[in-house]
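Presented below is the structure to which this report refers.
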Amino acid sequence: MLYPWRGEFTVGSIDSQIAIDTLSSKLDFPPESVAIWGQHKTENLGIEKIVANVVSNPNIRYLLLCGQEVRGHRSGQSLKSLHANGIDPEGRIIGATGAVPYIENIPPEAVARFREQVELIDMIGQTDEATLQKKIAELSSVRKEPFGEPMVMEFAEREKSVQMKSLSGKVSLHKDLLVDPYLEIGDMKMEAQT
Amino acid sequence: MMSFSKEQRIVELGDVKFGGQPGELPTVLFGTAFYGKKYANPDAATLEEVRAAIRSQEALSGMTGNPSIVDIFLGDEESMTARIELVLSEIPAKRPFSADVPESEIRMAVLKHAHEIGISERLILNSFNLAAEAEELEALKDNPPGCAILLGYNPRDFSVDGRIEMLESGAGYLDKGLLQFAKEFGIDNILLDAGATPFDHSAAETLRAIPVMKNRWGLPVGCAIHNTVESWLWMKQYRKEHKPEYLTCDAGSNALPVMLGADFCVYGPIRNAGTVFPFVAMVDKFVGEGAEDYFGVAQGEEHPRRKLG
């Protein structure tokens, strides 16, 4: 199982059904009670990692959103919108007010599963650890079944190009070294041979 | 170290010039003020710190010759007027200022406010990007800023071509490219931002895009490459115990775009000006000397190459 995804977070108990997004606040929790927690800065790549982590661990059934909102990015509001509304055909999170709220690197199926798998608990603005721990205890007492099998995905592999294209003009680095945008790899080899 | 066959436009805004061939003009440095929680409800001492940082950036600019811009972070409408007023009271009368506004609604408010108080010509909008919807496009048309930074960030394609597509065609997010919209809105002064992305998200394509964009459009190009360092996972841990080393990487990252032809750097918190200005001035000296030695591109007396003997 590919879990957890690379990111800035702390992993607690894999059996816990609670994940916590602390937004811009640095908060700590008992590792035996929480599956994974950490800060979350961006309304696009950051949310993609949270979704990937949630769907790859079917034990996670609650996502607790707390801590101070990320100014400008509105990452908490964007995550809430994703959970409530999903994405439009262009990948934009419906209803998100963050700067660039687009989900582009994970498949729509992962978003759909995320929305179904977890119940989102909105405590944005709450940073009091005692209050949050009370909530964790409350959620831990309401046991839910794991959400089927883990959904494992690779981030979308981007198409790699082997040549620069669609450019005009040349960039001169030295009289013997011209970056020619029209030069193809094959031609470069030919030039090297002559 | 390099020269473009494409003519390079120089954008002149008040007393600041951007662009030209590499080494022709000093790199313009944008330091961001008011970013962070401590500025949400600032007390008098915090505001004085901001003023001091702006003055310090201005002094470093005067010393090195690298023009400075204050980039004002605006995360809500309530603090907008006070922040802009504070900055305008500290910078020279002809100096433009930049508004770093992540949210569309606040961007519209800034455009309107700048128009109402007659400072649109000094406003650099940071940034005009794919998130602009119909209402914001209308606001840009009604109250165009003196200058706009067009962001080449394309969440679907982080390659150089993807970034170019955002500027040229809207990449499917907008009906037209950001460049075409800017032209239609009468925004004559354009700066292109290559759109820094994190490591493992084609970070190097940010740098590659710089000479490619300059070569394609002949417009001033830059980026906020410090964001790549800021989001570097390993560094997030390391910096906790090694702040000076982090600041070295943070400032040093600005050498990379400048070596590839960048005309401006958005270098992050303005409090870091003390590290960034001498560093970029040094890189400008290398680039300027290389441009004159090989391509005959001379620098004025205000260039770090001439000012810092």
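How things are named: the first chain in the structure tokens is A, the next is B, and so on; residues count from 1 in each chain; ligands count from 1 in the order shown.
Secondary structure from DSSP on the backbone puts strand (DSSP E) at the following positions of range 13-186 of chain A: Ile18, Ala19, Ile20, Asp21, Ile36, Trp37, Gly38, Tyr62, Leu63, Leu64, Leu65, Cys66, Gly67, Glu119, Leu120, Ile121, Asp122, Met123, Ile124, Val171, Ser172, Leu173, His174, Leu177, Leu178 and Val179 of chain A.
The smallest atom-to-atom distance between Met1 in chain B and any of B:Gln21, B:Ala109, B:Asn143, B:Ala59, using only C-alpha atoms, is found for B:Gln21.
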Counting only C-alpha atoms, give me one row per residue of chain B with an atom at most 7 Å from an atom of chain A, showing the shortest contact pair and its distance in Å to one decimal, sorted by chain then residue number, as JSON lines.
{"residue": "B:Met1", "atom": "CA", "partner": "A:Leu173", "partner_atom": "CA", "distance": 6.3}
{"residue": "B:Met2", "atom": "CA", "partner": "A:Leu173", "partner_atom": "CA", "distance": 4.7}
{"residue": "B:Ser3", "atom": "CA", "partner": "A:Ser172", "partner_atom": "CA", "distance": 5.5}
{"residue": "B:Phe4", "atom": "CA", "partner": "A:Val171", "partner_atom": "CA", "distance": 5.2}
{"residue": "B:Ser5", "atom": "CA", "partner": "A:Lys170", "partner_atom": "CA", "distance": 6.1}
{"residue": "B:Lys6", "atom": "CA", "partner": "A:Gly169", "partner_atom": "CA", "distance": 6.4}
{"residue": "B:Gly75", "atom": "CA", "partner": "A:Gly72", "partner_atom": "CA", "distance": 5.0}
{"residue": "B:Pro102", "atom": "CA", "partner": "A:Ala99", "partner_atom": "CA", "distance": 4.7}
{"residue": "B:Glu103", "atom": "CA", "partner": "A:Ala99", "partner_atom": "CA", "distance": 5.1}
{"residue": "B:Ala131", "atom": "CA", "partner": "A:Val100", "partner_atom": "CA", "distance": 5.7}
{"residue": "B:Pro155", "atom": "CA", "partner": "A:Glu104", "partner_atom": "CA", "distance": 6.3}
{"residue": "B:Arg156", "atom": "CA", "partner": "A:Glu104", "partner_atom": "CA", "distance": 5.6}
{"residue": "B:Asn215", "atom": "CA", "partner": "A:Gly169", "partner_atom": "CA", "distance": 6.7}
{"residue": "B:Arg216", "atom": "CA", "partner": "A:Leu167", "partner_atom": "CA", "distance": 6.4}
{"residue": "B:Leu233", "atom": "CA", "partner": "A:Glu8", "partner_atom": "CA", "distance": 6.7}
### Query
Could you name the residues that touch Pro67 in chain B at 8 Å or less, counting only C-alpha atoms, but leaving out those on the same chain fewer than 2 positions away, as a ChimeraX atom specification?
/B:16-17,26-29,61-62,65,69
### Query
What lies within 9 Å of range 129-136 of chain A using only C-alpha atoms, ignoring chain neighbours under 3 positions off, as a ChimeraX atom specification?
/A:18,27-30,33-34,64,66,123,126,139-141
Contact residues around Gly195 in chain B with only C-alpha atoms at 8 Å, ignoring same-chain residues under 2 positions, as a PDB file with N, CA and C atoms, in the first residue's frame:
ATOM      1  N   LEU B 151       0.846  35.515 -14.876  1.00  0.00           N
ATOM      2  CA  LEU B 151       1.400  34.305 -14.265  1.00  0.00           C
ATOM      3  C   LEU B 151       1.289  33.097 -15.203  1.00  0.00           C
ATOM      4  N   GLY B 152       2.442  32.549 -15.538  1.00  0.00           N
ATOM      5  CA  GLY B 152       2.479  31.383 -16.441  1.00  0.00           C
ATOM      6  C   GLY B 152       2.285  30.079 -15.693  1.00  0.00           C
ATOM      7  N   TYR B 153       1.369  30.053 -14.757  1.00  0.00           N
ATOM      8  CA  TYR B 153       1.125  28.828 -13.990  1.00  0.00           C
ATOM      9  C   TYR B 153      -0.035  28.074 -14.619  1.00  0.00           C
ATOM     10  N   ARG B 163       3.314  26.322 -19.588  1.00  0.00           N
ATOM     11  CA  ARG B 163       3.332  27.687 -19.023  1.00  0.00           C
ATOM     12  C   ARG B 163       3.086  28.710 -20.131  1.00  0.00           C
ATOM     13  N   ASP B 193       5.607  36.248 -15.349  1.00  0.00           N
ATOM     14  CA  ASP B 193       6.101  35.438 -14.229  1.00  0.00           C
ATOM     15  C   ASP B 193       6.087  33.987 -14.679  1.00  0.00           C
ATOM     16  N   THR B 197       7.271  26.483  -9.364  1.00  0.00           N
ATOM     17  CA  THR B 197       6.596  25.277  -8.856  1.00  0.00           C
ATOM     18  C   THR B 197       7.543  24.547  -7.895  1.00  0.00           C
ATOM     19  N   THR B 206      10.524  26.040 -14.433  1.00  0.00           N
ATOM     20  CA  THR B 206      10.353  27.469 -14.126  1.00  0.00           C
ATOM     21  C   THR B 206      11.539  28.243 -14.690  1.00  0.00           C
ATOM     22  N   CYS B 223      10.410  35.591 -11.766  1.00  0.00           N
ATOM     23  CA  CYS B 223       9.639  34.599 -11.009  1.00  0.00           C
ATOM     24  C   CYS B 223       9.927  34.772  -9.520  1.00  0.00           C
ATOM     25  N   ALA B 224       9.210  34.005  -8.731  1.00  0.00           N
ATOM     26  CA  ALA B 224       9.422  34.005  -7.271  1.00  0.00           C
ATOM     27  C   ALA B 224      10.000  32.644  -6.911  1.00  0.00           C
TER      28      ALA B 224
END
### Message
For Ile270 in chain B, find every residue with an atom within 12 Å (counting only C-alpha atoms), except residues of its own chain fewer than 5 positions away, and show them as a PyMOL selection string.
### Response
chain B and resi 29-36+49-58+60+68-73+251+275-277
Put those residues in a file: C-alpha atoms, as a PDB file, in the first residue's frame.
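Contents of selection.pdb, freshly written:
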ATOM      1  CA  LEU B  29      13.771  43.124  -6.675  1.00  0.00           C
ATOM      2  CA  PHE B  30      10.311  42.801  -5.144  1.00  0.00           C
ATOM      3  CA  GLY B  31      10.180  42.340  -1.360  1.00  0.00           C
ATOM      4  CA  THR B  32       6.837  41.303   0.105  1.00  0.00           C
ATOM      5  CA  ALA B  33       5.451  43.205   3.082  1.00  0.00           C
ATOM      6  CA  PHE B  34       2.616  42.143   5.402  1.00  0.00           C
ATOM      7  CA  TYR B  35       2.756  38.402   4.663  1.00  0.00           C
ATOM      8  CA  GLY B  36       2.218  36.347   7.804  1.00  0.00           C
ATOM      9  CA  GLU B  49       8.910  47.140  11.768  1.00  0.00           C
ATOM     10  CA  VAL B  50       7.252  47.160   8.360  1.00  0.00           C
ATOM     11  CA  ARG B  51       8.246  50.789   7.812  1.00  0.00           C
ATOM     12  CA  ALA B  52      11.811  50.030   8.850  1.00  0.00           C
ATOM     13  CA  ALA B  53      11.963  47.068   6.460  1.00  0.00           C
ATOM     14  CA  ILE B  54      10.744  49.223   3.572  1.00  0.00           C
ATOM     15  CA  ARG B  55      13.357  51.880   4.366  1.00  0.00           C
ATOM     16  CA  SER B  56      16.022  49.233   4.620  1.00  0.00           C
ATOM     17  CA  GLN B  57      15.085  47.793   1.226  1.00  0.00           C
ATOM     18  CA  GLU B  58      15.189  51.309  -0.237  1.00  0.00           C
ATOM     19  CA  LEU B  60      19.966  48.657  -0.077  1.00  0.00           C
ATOM     20  CA  SER B  68      13.250  47.924  -5.408  1.00  0.00           C
ATOM     21  CA  ILE B  69       9.513  47.400  -5.367  1.00  0.00           C
ATOM     22  CA  VAL B  70       7.396  46.854  -2.280  1.00  0.00           C
ATOM     23  CA  ASP B  71       5.036  43.977  -2.899  1.00  0.00           C
ATOM     24  CA  ILE B  72       2.058  44.398  -0.551  1.00  0.00           C
ATOM     25  CA  PHE B  73       0.338  41.195   0.518  1.00  0.00           C
ATOM     26  CA  ALA B 251      18.765  34.342  -1.219  1.00  0.00           C
ATOM     27  CA  THR B 275      20.804  39.031   2.237  1.00  0.00           C
ATOM     28  CA  VAL B 276      19.142  39.235  -1.152  1.00  0.00           C
ATOM     29  CA  PHE B 277      20.309  42.628  -2.475  1.00  0.00           C
TER      30      PHE B 277
END
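Between CA of Leu23 in chain A and CA of Ser127 in chain B there is a distance of 23.6 Å.
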Need the shell around Pro146 in chain A: protein/DNA/RNA residues with any atom at most 12 Å away, counting only C-alpha atoms. Skip same-chain ones fewer than 6 positions apart. Format as an mmCIF file with C-alpha atoms, in the first residue's frame?
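Written output follows (result-v9.cif):
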data_model
loop_
_atom_site.group_PDB
_atom_site.id
_atom_site.type_symbol
_atom_site.label_atom_id
_atom_site.label_comp_id
_atom_site.auth_asym_id
_atom_site.auth_seq_id
_atom_site.Cartn_x
_atom_site.Cartn_y
_atom_site.Cartn_z
ATOM 1 C CA ILE A 14 -2.756 3.307 10.945
ATOM 2 C CA ASP A 15 -5.860 1.882 12.610
ATOM 3 C CA SER A 16 -7.227 5.259 13.636
ATOM 4 C CA GLN A 17 -10.165 6.566 11.615
ATOM 5 C CA ILE A 18 -9.246 10.208 12.054
ATOM 6 C CA VAL A 54 -7.075 9.566 2.664
ATOM 7 C CA VAL A 55 -8.128 7.222 -0.142
ATOM 8 C CA SER A 56 -5.037 5.056 0.277
ATOM 9 C CA ASN A 57 -5.968 4.340 3.896
ATOM 10 C CA PRO A 58 -9.558 3.035 4.080
ATOM 11 C CA ASN A 59 -9.481 3.199 7.874
ATOM 12 C CA ILE A 60 -9.682 6.992 7.684
ATOM 13 C CA ARG A 61 -13.366 7.931 7.930
ATOM 14 C CA TYR A 62 -13.187 11.382 9.543
ATOM 15 C CA GLN A 117 -15.047 7.949 2.318
ATOM 16 C CA VAL A 118 -14.711 10.684 4.899
#
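Note that the spacing between CA of Thr228 in chain B and CA of Leu65 in chain A amounts to 25.9 Å.
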#### Entry: Filtered DSSP result for range 43-132 of chain B, state alpha helix (DSSP H), as an MDAnalysis selection string
chainID B and resid 44:64 80:90 104:116
If you keep N, CA and C atoms, can you produce a file of those selected residues as a short mmCIF file (atom, residue, chain, number, x, y, z; two decimals), in the first residue's frame?
data_model
loop_
_atom_site.label_atom_id
_atom_site.label_comp_id
_atom_site.auth_asym_id
_atom_site.auth_seq_id
_atom_site.Cartn_x
_atom_site.Cartn_y
_atom_site.Cartn_z
N ALA B 44 1.34 48.96 16.92
CA ALA B 44 2.17 50.06 16.43
C ALA B 44 3.61 49.60 16.18
N ALA B 45 4.12 48.73 17.05
CA ALA B 45 5.50 48.28 16.91
C ALA B 45 5.67 47.45 15.63
N THR B 46 4.66 46.61 15.33
CA THR B 46 4.74 45.78 14.12
C THR B 46 4.72 46.67 12.88
N LEU B 47 3.87 47.68 12.90
CA LEU B 47 3.81 48.59 11.75
C LEU B 47 5.12 49.34 11.60
N GLU B 48 5.75 49.66 12.71
CA GLU B 48 7.04 50.34 12.63
C GLU B 48 8.10 49.42 12.04
N GLU B 49 7.99 48.12 12.36
CA GLU B 49 8.91 47.14 11.77
C GLU B 49 8.76 47.11 10.24
N VAL B 50 7.50 47.18 9.80
CA VAL B 50 7.25 47.16 8.36
C VAL B 50 7.88 48.40 7.72
N ARG B 51 7.66 49.54 8.35
CA ARG B 51 8.25 50.79 7.81
C ARG B 51 9.77 50.68 7.74
N ALA B 52 10.34 50.15 8.80
CA ALA B 52 11.81 50.03 8.85
C ALA B 52 12.30 49.09 7.74
N ALA B 53 11.55 48.01 7.51
CA ALA B 53 11.96 47.07 6.46
C ALA B 53 11.89 47.72 5.08
N ILE B 54 10.87 48.53 4.86
CA ILE B 54 10.74 49.22 3.57
C ILE B 54 11.91 50.20 3.38
N ARG B 55 12.23 50.93 4.46
CA ARG B 55 13.36 51.88 4.37
C ARG B 55 14.67 51.14 4.13
N SER B 56 14.79 50.01 4.78
CA SER B 56 16.02 49.23 4.62
C SER B 56 16.15 48.73 3.18
N GLN B 57 15.04 48.25 2.62
CA GLN B 57 15.08 47.79 1.23
C GLN B 57 15.47 48.96 0.31
N GLU B 58 14.90 50.13 0.58
CA GLU B 58 15.19 51.31 -0.24
C GLU B 58 16.67 51.69 -0.13
N ALA B 59 17.21 51.60 1.09
CA ALA B 59 18.62 51.94 1.28
C ALA B 59 19.52 50.95 0.55
N LEU B 60 19.17 49.67 0.62
CA LEU B 60 19.97 48.66 -0.08
C LEU B 60 19.89 48.85 -1.59
N SER B 61 18.72 49.26 -2.04
CA SER B 61 18.55 49.54 -3.46
C SER B 61 19.44 50.71 -3.89
N GLY B 62 19.46 51.75 -3.06
CA GLY B 62 20.30 52.90 -3.36
C GLY B 62 21.77 52.52 -3.37
N MET B 63 22.14 51.62 -2.49
CA MET B 63 23.55 51.22 -2.39
C MET B 63 23.98 50.35 -3.58
N THR B 64 23.12 49.37 -3.92
CA THR B 64 23.53 48.40 -4.96
C THR B 64 23.17 48.85 -6.38
N MET B 80 -6.72 46.58 3.35
CA MET B 80 -6.15 47.03 2.06
C MET B 80 -5.72 48.50 2.09
N THR B 81 -6.65 49.37 2.45
CA THR B 81 -6.37 50.81 2.37
C THR B 81 -5.20 51.19 3.28
N ALA B 82 -5.22 50.70 4.51
CA ALA B 82 -4.17 51.07 5.47
C ALA B 82 -2.80 50.59 5.00
N ARG B 83 -2.75 49.38 4.44
CA ARG B 83 -1.46 48.85 4.00
C ARG B 83 -0.91 49.66 2.82
N ILE B 84 -1.78 49.94 1.89
CA ILE B 84 -1.33 50.71 0.71
C ILE B 84 -0.87 52.11 1.15
N GLU B 85 -1.65 52.72 2.05
CA GLU B 85 -1.28 54.07 2.53
C GLU B 85 0.09 54.05 3.20
N LEU B 86 0.30 53.05 4.04
CA LEU B 86 1.59 52.97 4.75
C LEU B 86 2.74 52.87 3.75
N VAL B 87 2.58 52.00 2.77
CA VAL B 87 3.67 51.79 1.80
C VAL B 87 3.89 53.06 0.98
N LEU B 88 2.82 53.66 0.52
CA LEU B 88 2.98 54.87 -0.30
C LEU B 88 3.65 56.01 0.48
N SER B 89 3.44 56.01 1.79
CA SER B 89 4.05 57.08 2.59
C SER B 89 5.55 56.85 2.77
N GLU B 90 6.02 55.65 2.47
CA GLU B 90 7.44 55.33 2.67
C GLU B 90 8.26 55.32 1.39
N SER B 104 -9.52 36.54 -5.91
CA SER B 104 -10.13 37.31 -7.00
C SER B 104 -10.91 38.52 -6.49
N GLU B 105 -11.73 38.31 -5.49
CA GLU B 105 -12.57 39.41 -4.99
C GLU B 105 -11.74 40.59 -4.49
N ILE B 106 -10.63 40.26 -3.86
CA ILE B 106 -9.79 41.33 -3.33
C ILE B 106 -9.01 42.00 -4.47
N ARG B 107 -8.65 41.21 -5.48
CA ARG B 107 -8.00 41.84 -6.66
C ARG B 107 -8.93 42.89 -7.26
N MET B 108 -10.19 42.54 -7.35
CA MET B 108 -11.15 43.51 -7.93
C MET B 108 -11.24 44.76 -7.05
N ALA B 109 -11.23 44.55 -5.74
CA ALA B 109 -11.32 45.69 -4.82
C ALA B 109 -10.08 46.58 -4.94
N VAL B 110 -8.93 45.97 -5.11
CA VAL B 110 -7.68 46.75 -5.24
C VAL B 110 -7.71 47.58 -6.52
N LEU B 111 -8.15 46.96 -7.61
CA LEU B 111 -8.21 47.68 -8.89
C LEU B 111 -9.12 48.91 -8.76
N LYS B 112 -10.26 48.69 -8.11
CA LYS B 112 -11.24 49.77 -7.95
C LYS B 112 -10.66 50.87 -7.04
N HIS B 113 -10.09 50.45 -5.93
CA HIS B 113 -9.54 51.42 -4.98
C HIS B 113 -8.43 52.25 -5.64
N ALA B 114 -7.55 51.57 -6.36
CA ALA B 114 -6.43 52.28 -7.01
C ALA B 114 -6.98 53.30 -8.01
N HIS B 115 -8.02 52.91 -8.71
CA HIS B 115 -8.64 53.83 -9.68
C HIS B 115 -9.25 55.03 -8.96
N GLU B 116 -9.96 54.74 -7.88
CA GLU B 116 -10.67 55.82 -7.16
C GLU B 116 -9.72 56.86 -6.57
#
